[in-house]
$ cat data.txt   # compact mmCIF, C-alpha atoms
# COMPACT_ATOMS: atom_id res chain seq x y z
CA ILE A 1 14.94 41.68 -29.07
CA PHE A 2 11.17 42.00 -29.43
CA LYS A 3 10.62 38.36 -28.38
CA LEU A 4 12.97 38.80 -25.42
CA THR A 5 11.13 41.96 -24.32
CA LEU A 6 7.78 40.17 -24.38
CA CYS A 7 9.21 37.25 -22.43
CA LEU A 8 10.75 39.59 -19.86
CA ILE A 9 7.42 41.36 -19.36
CA GLU A 10 5.49 38.09 -19.02
CA LYS A 11 7.89 36.49 -16.56
CA GLU A 12 8.37 39.65 -14.51
CA MET A 13 4.60 39.75 -14.04
CA MET A 14 4.88 36.23 -12.64
CA GLY A 15 7.73 37.16 -10.30
CA MET A 16 10.45 35.53 -12.44
CA LYS A 17 13.06 38.28 -12.92
CA ARG A 18 16.21 36.17 -12.98
CA ILE A 19 18.05 36.09 -16.28
CA MET A 20 19.88 33.20 -17.92
CA ALA A 21 22.15 34.46 -20.71
CA VAL A 22 23.22 31.99 -23.40
CA TYR A 23 26.17 32.48 -25.74
CA ASP A 24 27.65 29.98 -28.17
CA VAL A 25 29.96 30.35 -31.13
CA SER A 26 27.29 28.72 -33.31
CA PRO A 27 24.94 31.47 -34.54
CA PHE A 28 21.94 29.16 -34.25
CA TYR A 29 22.51 27.22 -31.02
CA SER A 30 21.81 30.08 -28.62
CA ASP A 31 18.64 31.18 -30.41
CA ARG A 32 17.20 27.67 -30.58
CA PHE A 33 18.05 26.98 -26.96
CA ALA A 34 16.50 30.23 -25.71
CA ASP A 35 13.36 29.79 -27.79
CA PHE A 36 12.83 26.28 -26.41
CA ALA A 37 13.71 27.16 -22.81
CA ASN A 38 11.44 30.21 -22.67
CA ARG A 39 8.48 27.98 -23.51
CA LYS A 40 9.23 25.58 -20.66
CA GLU A 41 7.89 26.21 -17.17
CA LYS A 42 10.67 24.10 -15.68
CA VAL A 43 13.08 26.92 -16.54
CA PRO A 44 12.52 29.58 -13.86
CA PHE A 45 14.47 32.22 -15.77
CA THR A 46 14.01 34.58 -18.65
CA VAL A 47 16.48 33.15 -21.18
CA ALA A 48 18.30 35.67 -23.38
CA ALA A 49 20.29 34.47 -26.42
CA PHE A 50 23.42 36.19 -27.73
CA THR A 51 25.31 35.56 -30.96
CA SER A 52 28.21 37.95 -30.32
CA MET A 53 30.40 38.65 -27.30
CA GLU A 54 30.07 42.40 -27.83
CA LYS A 55 26.29 42.29 -27.41
CA LEU A 56 26.60 40.01 -24.40
CA GLN A 57 29.11 42.34 -22.74
CA LEU A 58 26.88 45.37 -23.36
CA PHE A 59 23.89 43.53 -21.91
CA ALA A 60 25.87 42.43 -18.84
CA GLU A 61 26.87 46.02 -18.12
CA GLN A 62 23.21 47.02 -17.77
CA ASN A 63 21.57 43.84 -16.45
CA PRO A 64 22.55 41.42 -13.69
CA ILE A 65 22.98 37.90 -15.08
CA GLU A 66 21.94 35.21 -12.64
CA LEU A 67 23.08 32.27 -14.75
CA LEU A 68 25.41 32.33 -17.75
CA LEU A 69 25.52 29.41 -20.17
CA ILE A 70 28.51 30.02 -22.42
CA SER A 71 30.76 28.20 -24.90
CA ASP A 72 33.86 26.68 -23.31
CA SER A 73 35.90 28.23 -26.15
CA VAL A 74 35.56 31.66 -24.49
CA ASN A 75 38.55 32.36 -22.28
CA ARG A 76 38.13 32.55 -18.52
CA GLU A 77 39.11 36.22 -18.29
CA GLN A 78 36.31 37.29 -20.65
CA VAL A 79 33.79 35.17 -18.78
CA ASP A 80 34.80 36.58 -15.39
CA LYS A 81 34.32 40.16 -16.62
CA LEU A 82 30.63 39.45 -17.28
CA ASN A 83 30.08 39.18 -13.49
CA ALA A 84 27.46 36.45 -13.80
CA LYS A 85 26.37 35.02 -10.46
CA GLN A 86 26.73 31.46 -11.75
CA VAL A 87 28.48 30.16 -14.88
CA VAL A 88 28.05 26.84 -16.70
CA THR A 89 30.04 26.16 -19.87
CA LEU A 90 28.86 24.39 -23.02
CA SER A 91 31.27 21.64 -24.04
CA ASP A 92 31.76 20.28 -27.58
CA GLY A 93 33.30 17.09 -26.26
CA GLU A 94 33.24 15.00 -23.13
CA VAL A 95 32.88 16.95 -19.92
CA VAL A 96 36.08 16.79 -17.88
CA ASP A 97 36.25 18.00 -14.30
CA VAL A 98 39.13 20.40 -13.82
CA GLU A 99 39.89 22.01 -10.48
CA ASN A 100 38.80 25.65 -10.28
CA SER A 101 36.98 25.47 -13.62
CA TYR A 102 33.34 26.24 -14.17
CA PRO A 103 30.91 23.32 -14.22
CA SER A 104 30.25 22.13 -17.76
CA VAL A 105 27.58 20.30 -19.75
CA TYR A 106 27.79 18.55 -23.12
CA LYS A 107 25.85 20.69 -25.55
CA TYR A 108 25.12 18.09 -28.25
CA GLN A 109 22.32 16.31 -26.43
CA SER A 110 18.61 17.01 -26.17
CA THR A 111 17.77 20.51 -24.97
CA ASP A 112 15.71 18.94 -22.18
CA ASN A 113 18.80 17.12 -20.90
CA VAL A 114 20.93 20.26 -21.16
CA ILE A 115 18.36 22.21 -19.14
CA ARG A 116 18.21 19.55 -16.41
CA GLU A 117 21.99 19.40 -16.12
CA VAL A 118 22.32 23.19 -16.08
CA MET A 119 19.67 23.49 -13.36
CA ALA A 120 21.41 20.77 -11.33
CA CYS A 121 24.68 22.74 -11.55
CA TYR A 122 22.92 25.97 -10.58
CA CYS A 123 21.21 24.43 -7.57
CA GLU A 124 24.50 23.17 -6.12
CA LYS A 125 25.05 26.70 -4.84
CA PRO A 126 23.93 26.71 -1.19
CA GLU A 127 22.89 30.37 -1.27
CA ILE A 128 20.28 29.87 -4.00
CA GLU A 129 16.90 30.90 -2.67
CA PRO A 130 13.46 29.69 -3.79
CA LEU A 131 11.54 31.67 -6.37
CA LYS A 132 8.11 32.44 -4.97
CA THR A 133 5.75 33.26 -7.80
CA SER A 134 2.83 34.47 -5.67
CA LEU A 135 0.51 32.62 -8.02
CA SER A 136 -2.75 31.26 -6.69
CA ARG A 137 -4.25 30.24 -10.01
CA CYS A 138 -2.80 26.74 -10.26
CA ARG A 139 -5.58 24.13 -10.48
CA ILE A 140 -5.09 20.61 -9.18
CA ILE A 141 -6.90 17.79 -10.95
CA VAL A 142 -6.79 14.29 -9.49
CA VAL A 143 -7.48 11.17 -11.55
CA TYR A 144 -8.43 8.38 -9.18
CA SER A 145 -10.54 5.23 -9.09
CA PRO A 146 -10.98 2.50 -6.48
CA LEU A 147 -11.16 0.11 -9.44
CA GLY A 148 -8.25 -1.53 -11.23
CA ARG A 149 -7.50 -1.64 -14.98
CA CYS A 150 -9.85 1.20 -15.79
CA LEU A 151 -7.49 3.26 -18.04
CA LYS A 152 -6.72 5.70 -15.23
CA THR A 153 -3.12 6.38 -16.27
CA SER A 154 -3.87 6.34 -20.00
CA PHE A 155 -6.62 8.89 -19.44
CA SER A 156 -4.36 11.04 -17.23
CA LEU A 157 -1.65 11.23 -19.87
CA VAL A 158 -4.02 12.06 -22.71
CA LEU A 159 -5.78 14.65 -20.56
CA GLY A 160 -2.47 16.25 -19.67
CA GLN A 161 -1.17 16.30 -23.24
CA LEU A 162 -4.35 17.86 -24.62
CA MET A 163 -4.64 20.45 -21.84
CA ALA A 164 -0.98 21.34 -22.38
CA GLN A 165 -1.80 22.60 -25.86
CA ASP A 166 -3.38 25.68 -24.27
CA GLU A 167 -2.10 25.73 -20.67
CA LYS A 168 1.05 25.01 -18.69
CA VAL A 169 0.55 21.52 -17.26
CA LEU A 170 2.58 19.29 -14.93
CA TYR A 171 1.78 15.57 -14.56
CA ILE A 172 2.63 13.70 -11.34
CA ASN A 173 2.21 9.92 -11.11
CA LEU A 174 1.83 8.42 -7.62
CA GLU A 175 1.63 4.76 -8.59
CA GLN A 176 4.01 2.23 -7.08
CA TYR A 177 4.69 0.53 -10.40
CA SER A 178 3.95 2.84 -13.30
CA GLY A 179 5.90 1.26 -16.16
CA PHE A 180 6.67 4.81 -17.23
CA SER A 181 10.33 4.39 -18.11
CA SER A 182 9.53 1.46 -20.40
CA ILE A 183 6.68 3.28 -22.14
CA THR A 184 8.52 6.57 -22.66
CA GLY A 185 11.89 4.99 -23.48
CA GLU A 186 13.60 7.53 -21.20
CA LYS A 187 16.41 6.68 -18.81
CA PHE A 188 15.69 9.05 -15.94
CA THR A 189 18.54 10.56 -13.95
CA GLY A 190 16.16 11.60 -11.16
CA ASP A 191 12.54 11.06 -10.22
CA LEU A 192 9.83 11.52 -7.60
CA SER A 193 11.86 9.49 -5.09
CA ASP A 194 14.55 12.19 -5.20
CA VAL A 195 11.99 14.99 -4.99
CA MET A 196 10.29 13.41 -1.96
CA TYR A 197 13.64 12.95 -0.21
CA MET A 198 14.53 16.57 -0.93
CA TYR A 199 11.17 17.68 0.46
CA ARG A 200 11.50 15.58 3.64
CA GLN A 201 14.96 17.03 4.25
CA GLY A 202 13.57 20.56 4.02
CA ASN A 203 15.63 21.32 0.91
CA TYR A 204 12.79 21.63 -1.58
CA HIS A 205 12.28 24.61 -3.83
CA TRP A 206 11.17 25.09 -7.41
CA MET A 207 14.70 25.67 -8.71
CA LYS A 208 15.77 22.22 -7.57
CA LEU A 209 12.55 20.57 -8.69
CA SER A 210 13.05 21.88 -12.23
CA SER A 211 16.13 19.67 -12.65
CA TYR A 212 13.85 16.60 -12.29
CA VAL A 213 11.17 17.65 -14.78
CA TYR A 214 10.94 15.89 -18.17
CA SER A 215 8.64 16.55 -21.12
CA TRP A 216 6.42 14.57 -23.45
CA GLY A 217 5.48 17.05 -26.14
CA ASN A 218 4.04 20.09 -24.36
CA LEU A 219 3.33 18.14 -21.16
CA ASP A 220 5.87 18.35 -18.34
CA TYR A 221 6.13 15.48 -15.86
CA ILE A 222 8.12 14.28 -12.90
CA PRO A 223 9.17 10.64 -13.45
CA PRO A 224 7.38 8.34 -10.99
CA ALA A 225 9.17 7.15 -7.86
CA ARG A 226 11.59 4.32 -8.58
CA PHE A 227 11.21 2.95 -5.05
CA PRO A 228 7.66 2.12 -3.86
CA GLU A 229 8.94 2.46 -0.29
CA ASP A 230 9.33 6.21 -0.82
CA LEU A 231 5.62 6.56 -1.56
CA GLU A 232 4.75 4.44 1.46
CA GLU A 233 7.02 6.48 3.73
CA ALA A 234 5.57 9.80 2.52
CA GLY A 235 1.99 8.53 2.63
CA ALA A 236 -0.96 10.31 1.07
CA LYS A 237 -0.59 13.30 3.42
CA GLY A 238 3.09 13.78 2.57
CA ALA A 239 2.37 13.51 -1.14
CA ALA A 240 -0.48 16.01 -0.82
CA ASP A 241 1.76 18.49 1.05
CA LEU A 242 4.43 18.22 -1.65
CA ILE A 243 1.90 18.76 -4.44
CA MET A 244 0.58 21.86 -2.69
CA GLU A 245 4.13 23.20 -2.39
CA VAL A 246 4.69 22.67 -6.11
CA ALA A 247 1.39 24.39 -6.92
CA GLU A 248 2.30 27.41 -4.78
CA GLU A 249 5.83 27.90 -6.16
CA SER A 250 5.66 26.90 -9.81
CA ALA A 251 4.17 28.78 -12.74
CA TYR A 252 1.98 25.90 -13.90
CA ASP A 253 -1.68 26.50 -14.63
CA VAL A 254 -2.65 22.89 -13.94
CA ILE A 255 -1.20 19.96 -12.02
CA ILE A 256 -2.65 16.56 -12.92
CA VAL A 257 -2.17 13.95 -10.20
CA ASP A 258 -2.46 10.30 -11.18
CA ALA A 259 -3.30 9.02 -7.69
CA GLY A 260 -1.93 5.62 -6.73
CA CYS A 261 -2.88 3.00 -4.20
CA PHE A 262 -2.93 4.84 -0.88
CA GLY A 263 -5.99 2.96 0.28
CA LYS A 264 -8.55 4.98 2.20
CA ASN A 265 -5.91 7.62 2.95
CA VAL A 266 -6.19 8.75 -0.67
CA THR A 267 -8.75 11.24 0.61
CA ASP A 268 -5.82 13.41 1.75
CA ILE A 269 -4.98 13.88 -1.94
CA LEU A 270 -8.59 14.27 -3.07
CA GLU A 271 -9.07 17.11 -0.57
CA ILE A 272 -6.45 19.37 -2.18
CA CYS A 273 -7.94 19.24 -5.68
CA GLY A 274 -10.82 20.98 -7.39
CA THR A 275 -11.88 18.10 -9.63
CA VAL A 276 -11.63 14.32 -9.38
CA TYR A 277 -11.99 12.38 -12.61
CA MET A 278 -12.94 8.82 -11.72
CA PRO A 279 -12.85 6.16 -14.48
CA VAL A 280 -15.42 3.47 -13.77
CA LYS A 281 -16.67 0.18 -15.19
CA GLU A 282 -20.18 -1.22 -15.41
CA ASP A 283 -19.80 -4.78 -14.13
CA CYS A 284 -21.44 -5.87 -10.89
CA MET A 285 -18.25 -6.13 -8.84
CA SER A 286 -17.06 -2.68 -9.94
CA ALA A 287 -20.43 -1.21 -8.99
CA ALA A 288 -20.18 -2.81 -5.54
CA LYS A 289 -16.69 -1.37 -4.99
CA LEU A 290 -17.82 2.11 -6.01
CA GLU A 291 -20.76 1.89 -3.64
CA GLU A 292 -18.45 0.85 -0.80
CA PHE A 293 -16.11 3.76 -1.56
CA GLU A 294 -18.95 6.28 -1.46
CA ASP A 295 -20.29 4.76 1.77
CA TYR A 296 -16.85 5.18 3.33
CA LEU A 297 -16.73 8.87 2.38
CA THR A 298 -20.15 9.45 3.91
CA GLN A 299 -19.48 7.53 7.14
CA SER A 300 -16.07 9.17 7.65
CA GLY A 301 -17.47 12.67 7.38
CA LYS A 302 -15.97 13.33 3.95
CA ALA A 303 -19.14 13.24 1.87
CA GLY A 304 -18.26 16.69 0.52
CA LEU A 305 -15.64 15.01 -1.68
CA LEU A 306 -18.44 13.38 -3.66
CA ASP A 307 -19.26 16.78 -5.17
CA LYS A 308 -15.80 16.89 -6.76
CA ILE A 309 -16.07 13.50 -8.44
CA GLN A 310 -16.93 13.14 -12.11
CA ARG A 311 -17.38 9.49 -13.09
CA LEU A 312 -16.17 8.63 -16.58
CA LYS A 313 -16.94 5.55 -18.65
CA LEU A 314 -13.89 5.50 -20.90
CA PRO A 315 -13.77 3.83 -24.31
CA TYR A 316 -11.64 0.70 -24.25
CA HIS A 317 -9.12 0.27 -27.02
CA SER A 318 -7.52 -2.70 -28.75
CA ASN A 319 -5.14 -3.58 -31.59
CA PHE A 320 -2.37 -1.32 -30.36
CA GLY A 321 1.00 -1.78 -31.99
CA ARG A 322 4.48 -1.07 -30.69
CA ARG A 323 5.06 -0.02 -27.10
CA ASP A 324 7.29 2.91 -28.06
CA THR A 325 4.40 4.60 -29.90
CA TYR A 326 1.72 3.71 -27.34
CA LEU A 327 1.29 7.26 -26.05
CA GLU A 328 0.82 8.68 -29.54
CA GLN A 329 -1.67 5.94 -30.36
CA LEU A 330 -3.65 6.84 -27.25
CA LEU A 331 -3.68 10.48 -28.21
CA TRP A 332 -5.07 9.88 -31.68
CA GLY A 333 -7.33 6.95 -30.86
CA GLU A 334 -10.78 6.67 -29.31
CA LEU A 335 -9.54 7.76 -25.91
CA GLY A 336 -8.03 10.92 -27.36
CA ASP A 337 -11.31 11.73 -29.11
CA TYR A 338 -13.22 11.13 -25.88
CA VAL A 339 -10.97 13.49 -23.88
CA ARG A 340 -11.25 16.18 -26.56
CA GLN A 341 -15.01 16.04 -26.23
CA LEU A 342 -14.74 16.10 -22.44
CA LEU A 343 -12.62 19.25 -22.53
CA LYS A 344 -15.15 20.87 -24.83
CA GLY A 345 -17.85 20.14 -22.27
CA LYS A 346 -19.36 17.41 -24.40
CA GLY A 347 -17.83 14.36 -22.72
CA VAL A 348 -20.19 11.64 -21.50
CA LEU A 349 -20.27 11.42 -17.72
CA TRP A 350 -21.47 8.17 -16.19
CA HIS A 351 -23.67 8.22 -13.12
$ encode --input "data.txt" --output "structure tokens"
Amino acid sequence: IFKLTLCLIEKEMMGMKRIMAVYDVSPFYSDRFADFANRKEKVPFTVAAFTSMEKLQLFAEQNPIELLLISDSVNREQVDKLNAKQVVTLSDGEVVDVENSYPSVYKYQSTDNVIREVMACYCEKPEIEPLKTSLSRCRIIVVYSPLGRCLKTSFSLVLGQLMAQDEKVLYINLEQYSGFSSITGEKFTGDLSDVMYMYRQGNYHWMKLSSYVYSWGNLDYIPPARFPEDLEEAGAKGAADLIMEVAEESAYDVIIVDAGCFGKNVTDILEICGTVYMPVKEDCMSAAKLEEFEDYLTQSGKAGLLDKIQRLKLPYHSNFGRRDTYLEQLLWGELGDYVRQLLKGKGVLWH
């Protein structure tokens, strides 16, 4: 009860007053689920766990339940009396669609997957309205370089993971071919292509976005677009507008944008951020490309962006082992040490 009270206070201060109640016949499932979900910014609810129907019924009499996640062993009459606005049942076996039944999710899968499926069920209701958090504290960091093979994405992921130890961080990758699914080993059911389509159709809000958010450790991320054409159609301006919308609605402290190849239009994305980390290299051709990039900013009237840019000479790594542990190796290798020093204000900037 004490933990729930603290969570209610914290999320009410952020404008998140909607309650998800969780009840399962297992005495441990509900508690574990609620503890995990309350630490995830992709869950725009205060999640309350219950281990007995009596306590759940008493709570429902005094508090409106926006979303009820409940064992499918509870009979329909008991569930209806709780007057929850939306109900999703937890299934022990395969989910079977039955007419007039509540939507259901299979409970014996990762909690991340359960959350995404529950949020997808919740957002099918047409009357669901966006949750505006009235937060203006979200910082946008862009990692960009006009150079290729400069560890831009590796740096972005390590930066996000380390910042997420102390803050609520969302990572967005805007590359056309990220290799992300292969590296993470995840089979994504939705990604940035779906989010961009939703945004273009005018159907975006944080509730729906949360069903597309995955996690690597403490770092949340939206899987990169599976179709490069979606990035091209949105363009840098469309991507920047979407990122701003996410920053305004979500409860993240930081959004890290791994900027892709938008050409000179990438300035639309650089303009919305407070800091640009730019990995660089020291060879003659790289120096010439950097000089040309800076000349373009000056000649196009965007020289002010140069003040945001922090050039970084990142340590190159070698002798990496298996692909499925690549991210962990990055985190605990030379690059991870470099980023830790950078975050402490001791990182080496290259000018």
$ closest_residue --input "data.txt" --among "A:Tyr316, A:Tyr277, A:Tyr177, A:Tyr29" --to "Leu151 of chain A" --atoms "all atoms listed in the file"
A:Tyr316
$ closest_atom_pairs --input "data.txt" --of "segment 118-182 of chain A" --to "segment 292-300 of chain A" --cutoff "12 Å" --atoms "all atoms listed in the file" --output "CSV"
residue,atom,partner,partner_atom,distance
A:Tyr144,CA,A:Phe293,CA,11.8
A:Ser145,CA,A:Phe293,CA,9.5
A:Pro146,CA,A:Phe293,CA,7.2
A:Leu147,CA,A:Phe293,CA,10.0
$ closest_residue --input "data.txt" --among "A:Asp253, A:Asp92, A:Glu248, A:Asp220" --to "Arg139 of chain A" --atoms "all atoms listed in the file"
A:Asp253
$ closest_residue --input "data.txt" --among "A:Val158, A:Leu305, A:Ile269, A:Ala225" --to "Asp337 of chain A" --atoms "all atoms listed in the file"
A:Val158
$ residues_around --input "data.txt" --residues "Tyr214 of chain A" --least-positions-apart "6" --cutoff "9 Å" --atoms "all atoms listed in the file" --output "JSON, numbers by chain"
{"A": [42, 112, 113, 116, 188, 220, 221, 222, 223]}
$ closest_residue --input "data.txt" --among "A:Ser211, A:Thr267, A:Asn203, A:Ser193" --to "Ala234 of chain A" --atoms "all atoms listed in the file"
A:Ser193
$ axis_aligned_box --input "data.txt" --around "segment 196-205 of chain A" --padding-each-side "4 Å" --output "JSON"
{"center_x": 13.0, "center_y": 18.8, "center_z": 0.2, "size_x": 13.3, "size_y": 19.7, "size_z": 16.1}
$ closest_residue --input "data.txt" --among "A:Ser73, A:Thr51, A:Gln86, A:Thr46" --to "Asp31 of chain A" --atoms "all atoms listed in the file"
A:Thr51
$ build_atoms --input "data.txt" --residues "segment 287-308 of chain A" --atoms "N, CA, C and O atoms" --output "compact mmCIF listing (two decimals), in the coordinates of the input"
# COMPACT_ATOMS: atom_id res chain seq x y z
N ALA A 287 -19.37 -2.01 -9.58
CA ALA A 287 -20.43 -1.21 -8.99
C ALA A 287 -20.44 -1.35 -7.47
O ALA A 287 -20.65 -0.37 -6.74
N ALA A 288 -20.20 -2.56 -6.99
CA ALA A 288 -20.18 -2.81 -5.54
C ALA A 288 -19.01 -2.07 -4.88
O ALA A 288 -19.15 -1.50 -3.78
N LYS A 289 -17.85 -2.06 -5.54
CA LYS A 289 -16.69 -1.37 -4.99
C LYS A 289 -16.91 0.14 -4.95
O LYS A 289 -16.53 0.82 -3.97
N LEU A 290 -17.52 0.68 -5.98
CA LEU A 290 -17.82 2.11 -6.01
C LEU A 290 -18.80 2.49 -4.91
O LEU A 290 -18.65 3.53 -4.25
N GLU A 291 -19.78 1.64 -4.69
CA GLU A 291 -20.76 1.89 -3.64
C GLU A 291 -20.09 1.87 -2.27
O GLU A 291 -20.37 2.72 -1.40
N GLU A 292 -19.17 0.93 -2.08
CA GLU A 292 -18.45 0.85 -0.80
C GLU A 292 -17.58 2.09 -0.59
O GLU A 292 -17.48 2.62 0.53
N PHE A 293 -16.95 2.56 -1.66
CA PHE A 293 -16.11 3.76 -1.56
C PHE A 293 -16.95 4.97 -1.16
O PHE A 293 -16.57 5.75 -0.27
N GLU A 294 -18.10 5.14 -1.78
CA GLU A 294 -18.95 6.28 -1.46
C GLU A 294 -19.51 6.17 -0.04
O GLU A 294 -19.65 7.19 0.65
N ASP A 295 -19.82 4.95 0.39
CA ASP A 295 -20.29 4.76 1.77
C ASP A 295 -19.21 5.16 2.77
O ASP A 295 -19.50 5.78 3.81
N TYR A 296 -17.96 4.82 2.44
CA TYR A 296 -16.85 5.18 3.33
C TYR A 296 -16.74 6.70 3.45
O TYR A 296 -16.57 7.24 4.56
N LEU A 297 -16.83 7.42 2.34
CA LEU A 297 -16.73 8.87 2.38
C LEU A 297 -17.84 9.47 3.25
O LEU A 297 -17.59 10.38 4.04
N THR A 298 -19.02 8.94 3.13
CA THR A 298 -20.15 9.45 3.91
C THR A 298 -19.97 9.16 5.40
O THR A 298 -20.14 10.06 6.25
N GLN A 299 -19.61 7.94 5.74
CA GLN A 299 -19.48 7.53 7.14
C GLN A 299 -18.29 8.17 7.83
O GLN A 299 -18.29 8.33 9.05
N SER A 300 -17.26 8.56 7.06
CA SER A 300 -16.07 9.17 7.65
C SER A 300 -16.15 10.69 7.69
O SER A 300 -15.17 11.36 8.02
N GLY A 301 -17.30 11.22 7.34
CA GLY A 301 -17.47 12.67 7.38
C GLY A 301 -16.85 13.41 6.22
O GLY A 301 -16.60 14.62 6.31
N LYS A 302 -16.61 12.71 5.11
CA LYS A 302 -15.97 13.33 3.95
C LYS A 302 -16.88 13.29 2.73
O LYS A 302 -16.42 13.24 1.58
N ALA A 303 -18.18 13.32 2.97
CA ALA A 303 -19.14 13.24 1.87
C ALA A 303 -19.01 14.41 0.91
O ALA A 303 -19.42 14.31 -0.26
N GLY A 304 -18.44 15.53 1.39
CA GLY A 304 -18.26 16.69 0.52
C GLY A 304 -17.38 16.39 -0.69
O GLY A 304 -17.48 17.05 -1.72
N LEU A 305 -16.51 15.37 -0.56
CA LEU A 305 -15.64 15.01 -1.68
C LEU A 305 -16.44 14.46 -2.86
O LEU A 305 -15.99 14.52 -4.00
N LEU A 306 -17.63 13.93 -2.59
CA LEU A 306 -18.44 13.38 -3.66
C LEU A 306 -18.82 14.44 -4.69
O LEU A 306 -19.02 14.14 -5.87
N ASP A 307 -18.90 15.70 -4.25
CA ASP A 307 -19.26 16.78 -5.17
C ASP A 307 -18.15 17.06 -6.18
O ASP A 307 -18.41 17.66 -7.24
N LYS A 308 -16.92 16.66 -5.85
CA LYS A 308 -15.80 16.89 -6.76
C LYS A 308 -15.68 15.82 -7.84
O LYS A 308 -15.02 16.01 -8.85
